[in-house]
file coords.cif (mmCIF, C-alpha atoms and all ligand atoms)
data_coords
#
loop_
_atom_site.label_atom_id
_atom_site.label_comp_id
_atom_site.auth_asym_id
_atom_site.auth_seq_id
_atom_site.Cartn_x
_atom_site.Cartn_y
_atom_site.Cartn_z
CA MET A 1 23.02 -44.43 112.29
CA GLU A 2 24.74 -47.84 112.43
CA TRP A 3 27.25 -46.70 109.81
CA VAL A 4 28.54 -44.01 112.18
CA LYS A 5 29.24 -46.55 114.91
CA GLU A 6 30.77 -48.98 112.44
CA SER A 7 33.10 -46.29 111.08
CA LEU A 8 34.19 -45.28 114.57
CA GLU A 9 34.85 -48.89 115.54
CA GLY A 10 36.77 -49.53 112.31
CA TRP A 11 39.02 -46.51 112.86
CA LYS A 12 39.59 -47.58 116.44
CA LYS A 13 40.67 -51.05 115.33
CA GLU A 14 43.14 -49.61 112.83
CA ARG A 15 44.44 -47.20 115.45
CA LEU A 16 43.20 -44.31 113.33
CA LEU A 17 40.51 -42.93 115.63
CA ARG A 18 41.11 -39.27 116.41
CA THR A 19 40.06 -37.87 119.77
CA LEU A 20 40.27 -34.41 121.32
CA LYS A 21 42.66 -33.72 124.18
CA PRO A 22 41.88 -30.51 126.07
CA VAL A 23 44.97 -28.75 127.37
CA ARG A 24 45.65 -25.52 129.26
CA CYS A 25 48.42 -23.30 128.04
CA ALA A 26 51.20 -22.89 130.55
CA GLY A 27 53.34 -20.56 128.37
CA HIS A 28 57.01 -20.94 127.56
CA GLY A 29 56.55 -24.01 125.37
CA ARG A 30 54.57 -25.89 128.03
CA VAL A 31 50.99 -27.22 128.29
CA CYS A 32 49.04 -28.56 131.27
CA ILE A 33 46.73 -31.54 131.15
CA GLY A 34 44.97 -31.90 134.49
CA GLU A 35 47.60 -31.15 137.11
CA ALA A 36 50.57 -32.28 135.03
CA GLU A 37 52.80 -29.97 132.98
CA TYR A 38 54.34 -31.14 129.69
CA ILE A 39 56.94 -29.75 127.31
CA ASN A 40 54.83 -28.97 124.25
CA PHE A 41 56.21 -30.10 120.88
CA SER A 42 52.87 -30.13 119.11
CA SER A 43 52.27 -26.39 118.81
CA ASN A 44 53.02 -24.12 115.85
CA ASP A 45 53.78 -21.17 118.13
CA TYR A 46 57.28 -21.25 116.66
CA LEU A 47 58.44 -17.84 117.89
CA GLY A 48 56.70 -18.05 121.25
CA LEU A 49 54.48 -15.04 120.45
CA ALA A 50 51.08 -16.54 121.30
CA GLY A 51 51.27 -15.49 124.94
CA HIS A 52 53.31 -12.32 124.43
CA PRO A 53 52.03 -9.32 126.44
CA GLY A 54 52.47 -7.01 123.43
CA LEU A 55 50.09 -9.06 121.29
CA LEU A 56 47.58 -9.33 124.14
CA GLU A 57 47.67 -5.58 124.68
CA GLU A 58 47.11 -4.77 120.99
CA GLY A 59 44.31 -7.35 120.81
CA ILE A 60 42.55 -5.75 123.77
CA LYS A 61 43.06 -2.24 122.38
CA ALA A 62 41.45 -3.20 119.06
CA ALA A 63 38.54 -4.90 120.85
CA ASN A 64 38.01 -1.76 122.97
CA GLU A 65 37.95 0.40 119.86
CA TYR A 66 35.89 -1.79 117.48
CA GLY A 67 34.05 -4.31 119.69
CA THR A 68 34.39 -8.05 119.94
CA SER A 69 33.12 -8.88 116.45
CA SER A 70 33.30 -7.53 112.93
CA SER A 71 29.63 -8.53 112.80
CA ALA A 72 29.47 -8.92 109.02
CA SER A 73 31.51 -9.95 105.99
CA ARG A 74 33.98 -7.47 104.53
CA LEU A 75 31.64 -6.70 101.61
CA MET A 76 28.83 -5.82 104.01
CA SER A 77 29.62 -3.64 107.06
CA GLY A 78 32.48 -5.76 108.43
CA ASP A 79 35.22 -3.92 106.50
CA LEU A 80 37.06 -2.20 109.35
CA CYS A 81 40.02 0.21 109.16
CA VAL A 82 42.17 -2.31 111.09
CA HIS A 83 41.71 -4.90 108.33
CA HIS A 84 43.16 -2.41 105.85
CA GLN A 85 46.01 -1.50 108.20
CA LEU A 86 47.04 -5.15 108.40
CA GLU A 87 46.59 -5.74 104.66
CA ASP A 88 48.74 -2.72 103.76
CA ARG A 89 51.43 -3.88 106.15
CA MET A 90 51.37 -7.42 104.74
CA ALA A 91 51.57 -6.26 101.11
CA GLY A 92 54.72 -4.26 101.89
CA PHE A 93 56.17 -6.99 104.09
CA ILE A 94 55.67 -9.80 101.56
CA GLY A 95 56.69 -7.59 98.62
CA LYS A 96 53.48 -7.62 96.61
CA GLU A 97 51.14 -4.85 95.42
CA LYS A 98 48.18 -5.86 97.56
CA ALA A 99 47.13 -8.31 100.27
CA LEU A 100 43.77 -9.74 101.32
CA LEU A 101 42.83 -11.29 104.66
CA PHE A 102 40.98 -14.59 104.96
CA GLY A 103 39.40 -16.14 108.05
CA SER A 104 42.08 -18.86 108.15
CA GLY A 105 44.65 -20.60 105.98
CA TYR A 106 42.12 -23.32 105.27
CA LEU A 107 39.59 -20.74 104.08
CA ALA A 108 42.22 -18.97 101.98
CA ASN A 109 43.15 -22.14 100.10
CA ILE A 110 39.61 -23.37 99.53
CA GLY A 111 38.54 -19.90 98.39
CA LEU A 112 41.46 -18.92 96.25
CA ILE A 113 42.03 -22.02 94.15
CA PRO A 114 38.43 -22.26 92.88
CA ALA A 115 38.50 -18.50 92.24
CA LEU A 116 41.52 -18.96 89.97
CA CYS A 117 40.76 -22.24 88.19
CA ASP A 118 37.78 -24.12 86.78
CA LYS A 119 37.20 -27.19 84.64
CA LYS A 120 38.96 -25.72 81.61
CA ASP A 121 42.17 -25.40 83.64
CA VAL A 122 44.85 -27.68 85.03
CA ILE A 123 46.53 -27.72 88.46
CA PHE A 124 49.87 -29.31 89.36
CA SER A 125 50.14 -29.97 93.08
CA ASP A 126 52.90 -31.49 95.23
CA ARG A 127 51.62 -34.80 96.54
CA LEU A 128 52.35 -33.79 100.15
CA ASN A 129 50.41 -30.51 99.96
CA HIS A 130 48.18 -29.65 102.91
CA ALA A 131 44.55 -30.85 102.98
CA SER A 132 43.27 -27.28 102.48
CA ILE A 133 45.08 -27.10 99.13
CA VAL A 134 43.73 -30.50 98.12
CA ASP A 135 40.19 -29.43 99.07
CA GLY A 136 40.58 -26.16 97.13
CA ILE A 137 41.65 -28.13 94.07
CA LEU A 138 38.70 -30.52 94.35
CA LEU A 139 36.26 -27.61 94.75
CA SER A 140 37.64 -25.90 91.65
CA GLY A 141 36.65 -28.76 89.33
CA ALA A 142 39.95 -28.33 87.43
CA ARG A 143 41.92 -31.34 86.16
CA PHE A 144 44.79 -31.93 88.51
CA PHE A 145 48.01 -33.89 88.62
CA ARG A 146 50.06 -34.60 91.71
CA PHE A 147 53.79 -34.51 91.25
CA ARG A 148 56.11 -36.52 93.49
CA HIS A 149 57.20 -34.54 96.50
CA ASN A 150 59.64 -31.77 95.47
CA ASP A 151 60.43 -33.72 92.28
CA LEU A 152 61.17 -31.13 89.56
CA ASN A 153 61.65 -33.77 86.85
CA HIS A 154 58.26 -35.27 87.53
CA LEU A 155 56.65 -31.82 87.56
CA GLU A 156 58.29 -30.94 84.24
CA ASP A 157 57.20 -34.24 82.66
CA LEU A 158 53.63 -33.49 83.66
CA LEU A 159 53.81 -29.89 82.44
CA LYS A 160 55.25 -31.03 79.11
CA ARG A 161 52.55 -33.65 78.66
CA GLU A 162 49.48 -31.78 79.95
CA ARG A 163 49.95 -28.00 79.86
CA LYS A 164 48.93 -27.44 76.22
CA ARG A 165 45.58 -29.16 76.58
CA PHE A 166 44.25 -26.61 79.08
CA LYS A 167 43.51 -22.89 79.22
CA LYS A 168 45.20 -21.81 82.46
CA ALA A 169 47.73 -23.80 84.50
CA LEU A 170 48.44 -23.43 88.21
CA ILE A 171 51.39 -24.88 90.10
CA VAL A 172 50.70 -24.98 93.84
CA THR A 173 53.04 -26.03 96.60
CA GLU A 174 54.19 -25.24 100.14
CA SER A 175 57.50 -23.61 100.95
CA VAL A 176 58.03 -25.53 104.21
CA PHE A 177 56.10 -28.80 104.34
CA SER A 178 53.96 -29.11 107.44
CA MET A 179 54.51 -32.81 108.12
CA ASP A 180 58.02 -33.28 106.68
CA GLY A 181 59.62 -29.97 107.60
CA ASP A 182 61.56 -29.83 104.34
CA ARG A 183 61.71 -26.89 101.93
CA ILE A 184 61.16 -26.49 98.20
CA PRO A 185 63.66 -25.82 95.42
CA LEU A 186 62.05 -22.43 94.81
CA LYS A 187 64.36 -21.08 92.11
CA GLU A 188 63.81 -24.11 89.87
CA MET A 189 60.04 -24.02 90.49
CA VAL A 190 59.91 -20.39 89.36
CA GLU A 191 61.89 -21.29 86.22
CA LEU A 192 59.41 -24.06 85.42
CA LYS A 193 56.38 -21.85 85.95
CA GLU A 194 57.83 -19.30 83.54
CA ARG A 195 58.86 -21.86 80.94
CA TYR A 196 55.40 -23.45 80.88
CA ASP A 197 53.31 -20.29 81.28
CA ALA A 198 51.71 -21.31 84.57
CA LEU A 199 50.52 -19.34 87.59
CA PHE A 200 52.50 -20.16 90.71
CA MET A 201 50.93 -20.20 94.18
CA LEU A 202 53.07 -20.72 97.28
CA ASP A 203 51.75 -21.56 100.74
CA GLU A 204 54.17 -20.12 103.30
CA ALA A 205 52.10 -21.12 106.37
CA HIS A 206 55.10 -22.68 108.13
CA ALA A 207 57.73 -20.32 106.73
CA VAL A 208 56.42 -16.85 107.50
CA GLY A 209 58.05 -15.45 110.62
CA VAL A 210 60.82 -18.06 110.43
CA PHE A 211 62.62 -17.79 107.07
CA GLY A 212 63.81 -14.78 105.07
CA LYS A 213 65.87 -11.75 106.06
CA THR A 214 62.90 -9.95 107.65
CA GLY A 215 60.89 -13.12 108.35
CA ALA A 216 58.64 -12.81 105.27
CA GLY A 217 59.24 -16.44 104.24
CA VAL A 218 61.17 -18.63 101.83
CA ALA A 219 60.28 -16.41 98.81
CA GLU A 220 62.05 -13.55 100.58
CA GLU A 221 64.99 -15.76 101.51
CA TYR A 222 65.56 -16.55 97.81
CA GLY A 223 64.74 -12.99 96.69
CA LEU A 224 61.99 -14.47 94.53
CA ALA A 225 58.76 -12.90 95.78
CA SER A 226 58.25 -11.34 92.34
CA GLY A 227 58.58 -14.77 90.67
CA VAL A 228 55.69 -16.19 92.72
CA ASP A 229 52.26 -14.97 91.59
CA ILE A 230 50.33 -15.68 94.78
CA ILE A 231 51.80 -16.00 98.28
CA ILE A 232 49.66 -17.31 101.12
CA GLY A 233 50.56 -17.30 104.78
CA THR A 234 48.87 -17.70 108.14
CA PHE A 235 48.86 -15.68 111.35
CA GLY A 236 48.04 -18.72 113.49
CA LYS A 237 51.53 -20.18 113.64
CA ALA A 238 54.77 -18.18 114.05
CA LEU A 239 52.87 -14.87 114.16
CA GLY A 240 51.03 -15.81 117.36
CA SER A 241 47.53 -14.85 116.24
CA TYR A 242 44.89 -16.23 113.82
CA GLY A 243 43.75 -15.85 110.21
CA ALA A 244 45.55 -15.74 106.88
CA TYR A 245 46.73 -13.42 104.13
CA VAL A 246 47.02 -13.72 100.38
CA ALA A 247 49.50 -11.38 98.70
CA ALA A 248 49.56 -10.82 94.93
CA SER A 249 49.18 -8.16 92.22
CA ARG A 250 46.54 -5.49 92.72
CA SER A 251 44.35 -6.88 89.95
CA LEU A 252 44.56 -10.45 91.21
CA ILE A 253 43.51 -9.39 94.71
CA ASP A 254 40.65 -7.29 93.29
CA TYR A 255 39.61 -10.36 91.31
CA CYS A 256 39.62 -12.48 94.51
CA ILE A 257 37.48 -9.92 96.35
CA ASN A 258 34.89 -10.59 93.64
CA ARG A 259 35.34 -14.34 93.24
CA ALA A 260 36.70 -16.07 96.37
CA ARG A 261 33.59 -17.44 98.05
CA SER A 262 35.22 -18.11 101.44
CA PHE A 263 36.13 -14.41 101.52
CA ILE A 264 32.80 -13.08 100.25
CA TYR A 265 30.44 -15.19 102.33
CA SER A 266 32.16 -15.27 105.72
CA THR A 267 32.27 -12.86 108.67
CA ALA A 268 35.44 -10.75 108.70
CA LEU A 269 38.12 -11.60 111.26
CA PRO A 270 37.40 -10.01 114.67
CA PRO A 271 39.25 -6.78 115.61
CA SER A 272 41.09 -8.32 118.58
CA VAL A 273 42.66 -10.92 116.28
CA ILE A 274 43.71 -8.22 113.80
CA GLY A 275 45.28 -6.13 116.60
CA ALA A 276 47.31 -9.14 117.73
CA SER A 277 48.33 -9.96 114.14
CA ILE A 278 49.60 -6.41 113.51
CA LYS A 279 51.74 -6.65 116.64
CA GLY A 280 52.89 -10.18 115.69
CA VAL A 281 54.22 -8.87 112.38
CA LYS A 282 55.83 -5.84 114.07
CA MET A 283 57.58 -8.19 116.48
CA LEU A 284 59.50 -9.76 113.58
CA ALA A 285 61.31 -6.44 113.12
CA GLU A 286 61.51 -5.61 116.84
CA GLU A 287 62.92 -8.98 117.91
CA PRO A 288 64.61 -10.59 114.90
CA PHE A 289 66.71 -12.77 117.20
CA ARG A 290 63.68 -15.00 117.85
CA ARG A 291 63.81 -16.63 114.41
CA ARG A 292 67.60 -17.00 114.50
CA VAL A 293 67.52 -18.67 117.93
CA LEU A 294 64.61 -20.90 116.85
CA LEU A 295 66.46 -22.22 113.80
CA GLU A 296 69.64 -22.79 115.81
CA LYS A 297 67.65 -24.84 118.30
CA ALA A 298 65.97 -26.86 115.56
CA THR A 299 69.30 -27.64 113.88
CA TYR A 300 70.75 -28.66 117.22
CA PHE A 301 67.77 -30.93 118.03
CA ARG A 302 67.84 -32.58 114.60
CA GLY A 303 71.55 -33.27 115.08
CA VAL A 304 71.04 -34.84 118.52
CA LEU A 305 68.26 -37.11 117.19
CA LYS A 306 70.38 -38.17 114.21
CA GLU A 307 73.26 -39.00 116.51
CA LYS A 308 70.90 -41.35 118.32
CA GLY A 309 70.26 -43.12 115.01
CA LEU A 310 66.65 -41.99 114.61
CA ASN A 311 65.02 -41.55 111.21
CA VAL A 312 64.63 -37.75 111.16
CA ARG A 313 63.46 -35.62 108.23
CA GLY A 314 63.33 -31.96 107.29
CA ALA A 315 65.38 -28.79 107.33
CA SER A 316 63.33 -26.37 109.40
CA GLN A 317 61.79 -25.93 112.85
CA ILE A 318 59.55 -28.93 112.07
CA VAL A 319 61.40 -32.10 113.03
CA PRO A 320 59.49 -35.29 112.15
CA VAL A 321 60.75 -38.64 113.38
CA ILE A 322 59.41 -41.45 111.20
CA VAL A 323 58.12 -44.57 112.95
CA GLY A 324 56.07 -46.29 110.23
CA GLU A 325 53.32 -48.30 111.86
CA ASN A 326 50.32 -46.52 113.44
CA ALA A 327 50.18 -48.61 116.62
CA ALA A 328 53.91 -48.22 117.32
CA THR A 329 53.70 -44.47 116.73
CA LEU A 330 50.81 -44.11 119.16
CA LYS A 331 52.66 -46.18 121.73
CA ILE A 332 55.75 -43.98 121.42
CA SER A 333 53.64 -40.84 121.77
CA ASP A 334 52.04 -42.36 124.93
CA LEU A 335 55.46 -43.20 126.36
CA LEU A 336 56.59 -39.62 125.71
CA GLN A 337 53.55 -38.34 127.57
CA LYS A 338 54.37 -40.56 130.54
CA ASP A 339 57.63 -38.62 130.65
CA PHE A 340 55.82 -35.28 130.34
CA VAL A 341 56.62 -34.69 126.69
CA PHE A 342 53.63 -33.67 124.56
CA ALA A 343 54.45 -34.70 120.98
CA LEU A 344 51.56 -36.23 119.14
CA ALA A 345 51.49 -39.03 116.59
CA VAL A 346 50.63 -38.03 113.02
CA ARG A 347 49.01 -40.84 111.07
CA PRO A 348 47.45 -41.45 107.64
CA PRO A 349 45.63 -39.84 105.93
CA THR A 350 47.53 -36.77 107.16
CA VAL A 351 50.75 -38.53 106.07
CA PRO A 352 51.22 -41.39 103.55
CA ARG A 353 50.45 -44.95 104.63
CA ALA A 354 53.19 -46.69 106.66
CA GLU A 355 54.82 -43.33 107.36
CA ALA A 356 53.22 -42.53 110.73
CA ARG A 357 55.50 -40.27 112.70
CA ILE A 358 56.02 -38.13 115.75
CA ARG A 359 56.12 -34.53 114.59
CA PHE A 360 58.20 -32.29 116.83
CA SER A 361 57.70 -28.53 116.45
CA VAL A 362 60.65 -26.80 118.02
CA THR A 363 59.77 -23.38 119.42
CA TYR A 364 61.73 -20.38 120.65
CA HIS A 365 60.94 -21.29 124.27
CA HIS A 366 62.43 -24.80 124.26
CA SER A 367 65.70 -24.85 126.16
CA GLU A 368 68.75 -26.88 125.21
CA GLU A 369 68.06 -28.95 128.32
CA ASP A 370 64.46 -29.62 127.12
CA LEU A 371 65.78 -30.77 123.75
CA HIS A 372 68.31 -33.14 125.29
CA ARG A 373 65.81 -34.60 127.70
CA VAL A 374 63.27 -35.18 124.94
CA ALA A 375 65.86 -36.87 122.72
CA ASP A 376 66.76 -39.29 125.55
CA VAL A 377 63.12 -40.00 126.35
CA LEU A 378 62.39 -40.60 122.66
CA LYS A 379 65.27 -43.00 122.16
CA ASN A 380 64.09 -44.93 125.23
CA ALA A 381 60.54 -45.05 123.92
CA PHE A 382 61.76 -46.42 120.57
CA GLN A 383 63.74 -49.11 122.37
CA GLN A 384 60.71 -50.13 124.43
CA VAL A 385 58.44 -50.38 121.41
CA ARG A 386 60.89 -52.00 118.99
CA PRO A 387 60.70 -55.57 120.30
CA LEU A 388 56.91 -55.51 119.75
CA HIS A 389 57.14 -54.78 116.02
CA ASN A 390 59.19 -55.61 112.98
CA ALA A 391 59.48 -52.06 111.65
CA THR A 392 63.05 -50.92 111.06
CA PHE A 393 62.85 -47.79 113.16
CA PHE A 394 66.43 -46.82 112.87
CA SER A 395 66.58 -47.03 109.06
CA SER A 396 67.23 -44.27 106.51
CA GLY A 397 63.57 -43.92 105.51
CA LYS A 398 63.96 -45.74 102.16
CA GLU A 399 60.77 -47.67 102.95
CA GLY A 400 58.77 -44.44 102.90
CA GLU A 401 60.28 -43.36 99.59
CA LYS A 402 59.16 -46.60 97.98
CA ILE A 403 55.62 -46.07 99.21
CA ASN A 404 55.61 -42.48 97.92
CA ARG A 405 56.47 -43.66 94.43
CA ARG A 406 53.83 -46.35 94.44
CA ASN A 407 51.08 -43.95 95.43
CA THR A 408 51.85 -41.27 92.90
N1 LIG N 1 48.41 -24.40 104.80
C1 LIG N 1 49.30 -25.19 105.43
C2 LIG N 1 50.54 -25.58 104.71
C3 LIG N 1 49.05 -25.60 106.74
O1 LIG N 1 49.93 -26.41 107.35
C4 LIG N 1 47.87 -25.19 107.38
C5 LIG N 1 47.53 -25.58 108.81
N2 LIG N 1 48.31 -26.42 109.46
C6 LIG N 1 46.97 -24.39 106.69
C7 LIG N 1 47.27 -24.01 105.39
C8 LIG N 1 45.69 -23.98 107.31
O2 LIG N 1 45.89 -22.83 108.06
P1 LIG N 1 44.89 -22.45 109.25
O3 LIG N 1 45.27 -23.29 110.41
O4 LIG N 1 45.08 -20.99 109.45
O5 LIG N 1 43.51 -22.79 108.76
#
call {"tool": "encode", "arguments": {"input": "coords.cif", "output": "structure tokens"}}
result
Amino acid sequence: MEWVKESLEGWKKERLLRTLKPVRCAGHGRVCIGEAEYINFSSNDYLGLAGHPGLLEEGIKAANEYGTSSSASRLMSGDLCVHHQLEDRMAGFIGKEKALLFGSGYLANIGLIPALCDKKDVIFSDRLNHASIVDGILLSGARFFRFRHNDLNHLEDLLKRERKRFKKALIVTESVFSMDGDRIPLKEMVELKERYDALFMLDEAHAVGVFGKTGAGVAEEYGLASGVDIIIGTFGKALGSYGAYVAASRSLIDYCINRARSFIYSTALPPSVIGASIKGVKMLAEEPFRRRVLLEKATYFRGVLKEKGLNVRGASQIVPVIVGENAATLKISDLLQKDFVFALAVRPPTVPRAEARIRFSVTYHHSEEDLHRVADVLKNAFQQVRPLHNATFFSSGKEGEKINRRNT
């Protein structure tokens, strides 16, 4: 077992060792660690629904009616009426014929992609796609090509060069990128998928509940749900619950029920979670102001950080501030915690090398005062760390772009 210890020591030296940090939820965008309370910027509870009494009540009601577990996979005896209620609601909400629930977004991506593609097929994937998409691609055995982040020209070059050599083609991307907070040029992507006869799969994990007229995501915002073949989203972020959905044509969903192994061979989501998810989705119609207020706050926060000269990315509720070096990023995150701000460092391999960052998730519960205080604390932390390193913290991020190109 020496190799285990050596790996751990190596990661520690490179400041890449990950450790768990137990917290207690204090509600209203706050967490407690020990006795201390922090403003929480590392949660995906964008609309502040995770502690909402309505979701709790519906979760408890479903548990009272069906028990605490589904006790089997959907294809055995775990197929409960509540699963169908949520699926029917999601199909209508997303604007597709049918929806299917998965245990989580991770399980949806690693089940769906291998169900759709095999070694005769080709997949084109944005190079910043989430690990679950990457793992799904690897499991499928298909040939795959990564296109530069949101780069339509690069994607088209690859499609032109490679599409004809394969049976099926799949383009897969996210609508709001989890670590960069930016959004995709959806209209142009749909045009490309049509021109090159490819399937198009869109992961709306960070967009559902936040974007679109009714909160259904970026596809809804552009009026392009019909141009996307497969839409995936999660309940564990803005919707305040847990699990994931896949929405597509009736035949494609029926195909997945027969082929997606992470659906077939896994216990169905528990009733309490489904009850909370149904209420989470209902809340989008009952309290539409939550997403409007959230996006106003995020725009405001991004503006304040930019005014302070920080290297900020994105155009959503996810507001990453690029630091560069791992050690400096960890130090800044520690300094933030000393000031009761919980905003964790994100390091490679989650993000490209030399692009370590502090990822701020703005949520509905953060007040304007919170945002101002955090911006001041962050600027201070940068100033304290800067003399220790040569990184150009207050640059335009050109460094990162160079690295992106080199790695592609
Ligand atoms: N897709 C994306 C884009 C994500 O960011 C995440 C999680 N952060 C997932 C899928 C996985 O979802 P889950 O947490 O429900 O497994």
call {"tool": "residues_around", "arguments": {"input": "coords.cif", "residues": "range 68-84 of chain A", "least_positions_apart": "6", "cutoff": "8 Å", "atoms": "all atoms listed in the file", "output": "PDB file with C-alpha atoms, in the frame of the given file"}}
result
ATOM      1  CA  LEU A 101      42.830 -11.290 104.660  1.00  0.00           C
ATOM      2  CA  PHE A 263      36.130 -14.410 101.520  1.00  0.00           C
ATOM      3  CA  ILE A 264      32.800 -13.080 100.250  1.00  0.00           C
ATOM      4  CA  TYR A 265      30.440 -15.190 102.330  1.00  0.00           C
ATOM      5  CA  SER A 266      32.160 -15.270 105.720  1.00  0.00           C
ATOM      6  CA  THR A 267      32.270 -12.860 108.670  1.00  0.00           C
ATOM      7  CA  ALA A 268      35.440 -10.750 108.700  1.00  0.00           C
ATOM      8  CA  LEU A 269      38.120 -11.600 111.260  1.00  0.00           C
ATOM      9  CA  PRO A 270      37.400 -10.010 114.670  1.00  0.00           C
ATOM     10  CA  PRO A 271      39.250  -6.780 115.610  1.00  0.00           C
ATOM     11  CA  SER A 272      41.090  -8.320 118.580  1.00  0.00           C
ATOM     12  CA  ILE A 274      43.710  -8.220 113.800  1.00  0.00           C
ATOM     13  CA  GLY A 275      45.280  -6.130 116.600  1.00  0.00           C
TER      14      GLY A 275
END
call {"tool": "atom_distance", "arguments": {"input": "coords.cif", "atom1": "CA of Val341 in chain A", "atom2": "CA of Glu35 in chain A"}}
result
14.2 Å
call {"tool": "residues_near_ligand", "arguments": {"input": "coords.cif", "ligand": "ligand LIG 1 (chain N)", "cutoff": "8 Å", "atoms": "only C-alpha atoms and all ligand atoms", "output": "list in words"}}
result
Gly103, Ser104, Gly105, Tyr106, Leu107, Ala108, Asn109, Asn129, His130, Ala131, Ser132, Ile133, Glu174, Val176, Phe177, Ser178, Met179, Asp203, Glu204, Ala205, His206, Gly233, Thr234, Phe235, Gly236, Lys237, Tyr242, Gly243 and Ala244 of chain A
call {"tool": "write_last_selection", "arguments": {"input": "coords.cif", "atoms": "C-alpha atoms", "output": "tab-separated table (two decimals), in the frame of the given file"}}
result
chain	number	residue	atom	x	y	z
A	103	GLY	CA	39.40	-16.14	108.05
A	104	SER	CA	42.08	-18.86	108.15
A	105	GLY	CA	44.65	-20.60	105.98
A	106	TYR	CA	42.12	-23.32	105.27
A	107	LEU	CA	39.59	-20.74	104.08
A	108	ALA	CA	42.22	-18.97	101.98
A	109	ASN	CA	43.15	-22.14	100.10
A	129	ASN	CA	50.41	-30.51	99.96
A	130	HIS	CA	48.18	-29.65	102.91
A	131	ALA	CA	44.55	-30.85	102.98
A	132	SER	CA	43.27	-27.28	102.48
A	133	ILE	CA	45.08	-27.10	99.13
A	174	GLU	CA	54.19	-25.24	100.14
A	176	VAL	CA	58.03	-25.53	104.21
A	177	PHE	CA	56.10	-28.80	104.34
A	178	SER	CA	53.96	-29.11	107.44
A	179	MET	CA	54.51	-32.81	108.12
A	203	ASP	CA	51.75	-21.56	100.74
A	204	GLU	CA	54.17	-20.12	103.30
A	205	ALA	CA	52.10	-21.12	106.37
A	206	HIS	CA	55.10	-22.68	108.13
A	233	GLY	CA	50.56	-17.30	104.78
A	234	THR	CA	48.87	-17.70	108.14
A	235	PHE	CA	48.86	-15.68	111.35
A	236	GLY	CA	48.04	-18.72	113.49
A	237	LYS	CA	51.53	-20.18	113.64
A	242	TYR	CA	44.89	-16.23	113.82
A	243	GLY	CA	43.75	-15.85	110.21
A	244	ALA	CA	45.55	-15.74	106.88
call {"tool": "closest_residue", "arguments": {"input": "coords.cif", "among": "A:Lys297, A:Leu56, A:Leu116, A:Tyr196", "to": "Ser367 in chain A", "atoms": "only C-alpha atoms"}}
result
A:Lys297
call {"tool": "closest_residue", "arguments": {"input": "coords.cif", "among": "A:Ser251, A:Ser241, A:Asn380, A:Gln317", "to": "Glu58 in chain A", "atoms": "only C-alpha atoms"}}
result
A:Ser241
call {"tool": "residues_around", "arguments": {"input": "coords.cif", "residues": "Thr173 in chain A", "least_positions_apart": "4", "cutoff": "12 Å", "atoms": "all atoms listed in the file", "output": "NGL selection string"}}
result
:A and (109 or 113 or 123-134 or 137 or 146-152 or 155 or 177-178 or 183-186 or 189-190 or 193 or 199-205 or 228 or 230-232)
call {"tool": "atom_distance", "arguments": {"input": "coords.cif", "atom1": "CA of Gly240 in chain A", "atom2": "CA of Val281 in chain A"}}
result
9.1 Å
call {"tool": "atom_distance", "arguments": {"input": "coords.cif", "atom1": "CA of Val321 in chain A", "atom2": "CA of Ile358 in chain A"}}
result
5.3 Å
call {"tool": "closest_atom_pairs", "arguments": {"input": "coords.cif", "of": "range 75-193 of chain A", "to": "range 300-313 of chain A", "cutoff": "9 Å", "atoms": "all atoms listed in the file", "output": "CSV"}}
result
residue,atom,partner,partner_atom,distance
A:Asp180,CA,A:Arg313,CA,6.1
A:Gly181,CA,A:Arg313,CA,6.9
A:Asp182,CA,A:Arg313,CA,7.2
call {"tool": "write_last_selection", "arguments": {"input": "coords.cif", "atoms": "C-alpha atoms", "output": "CSV table (one decimal), in the coordinates of the input"}}
result
chain,number,residue,atom,x,y,z
A,180,ASP,CA,58.0,-33.3,106.7
A,181,GLY,CA,59.6,-30.0,107.6
A,182,ASP,CA,61.6,-29.8,104.3
call {"tool": "residues_around", "arguments": {"input": "coords.cif", "residues": "Tyr255 in chain A", "least_positions_apart": "3", "cutoff": "12 Å", "atoms": "only C-alpha atoms", "output": "VMD selection string"}}
result
chain A and resid 98 to 100 111 to 112 115 to 116 248 to 252 258 to 261 263 to 264
call {"tool": "closest_residue", "arguments": {"input": "coords.cif", "among": "A:Gly223, A:Pro352, A:Gly212, A:Gly27", "to": "Leu295 in chain A", "atoms": "all atoms listed in the file"}}
result
A:Gly212
call {"tool": "closest_residue", "arguments": {"input": "coords.cif", "among": "A:Met90, A:Ile39, A:Val210, A:Val319", "to": "Phe289 in chain A", "atoms": "all atoms listed in the file"}}
result
A:Val210
call {"tool": "closest_residue", "arguments": {"input": "coords.cif", "among": "A:Val23, A:Arg357, A:Lys187, A:Tyr245", "to": "Arg89 in chain A", "atoms": "only C-alpha atoms"}}
result
A:Tyr245
call {"tool": "residues_near_point", "arguments": {"input": "coords.cif", "point": "(55.2, -24.6, 115.5)", "cutoff": "9 Å", "atoms": "all atoms listed in the file", "output": "ChimeraX atom specification"}}
result
/A:41-48,206,237-238,317-318,360-363
call {"tool": "closest_residue", "arguments": {"input": "coords.cif", "among": "A:Gly67, A:Glu57, A:Leu294, A:Ala327", "to": "Trp11 in chain A", "atoms": "only C-alpha atoms"}}
result
A:Ala327
call {"tool": "residues_around", "arguments": {"input": "coords.cif", "residues": "Asn40 in chain A", "least_positions_apart": "6", "cutoff": "7 Å", "atoms": "all atoms listed in the file", "output": "MDAnalysis selection string"}}
result
chainID A and resid 29:31 341:343
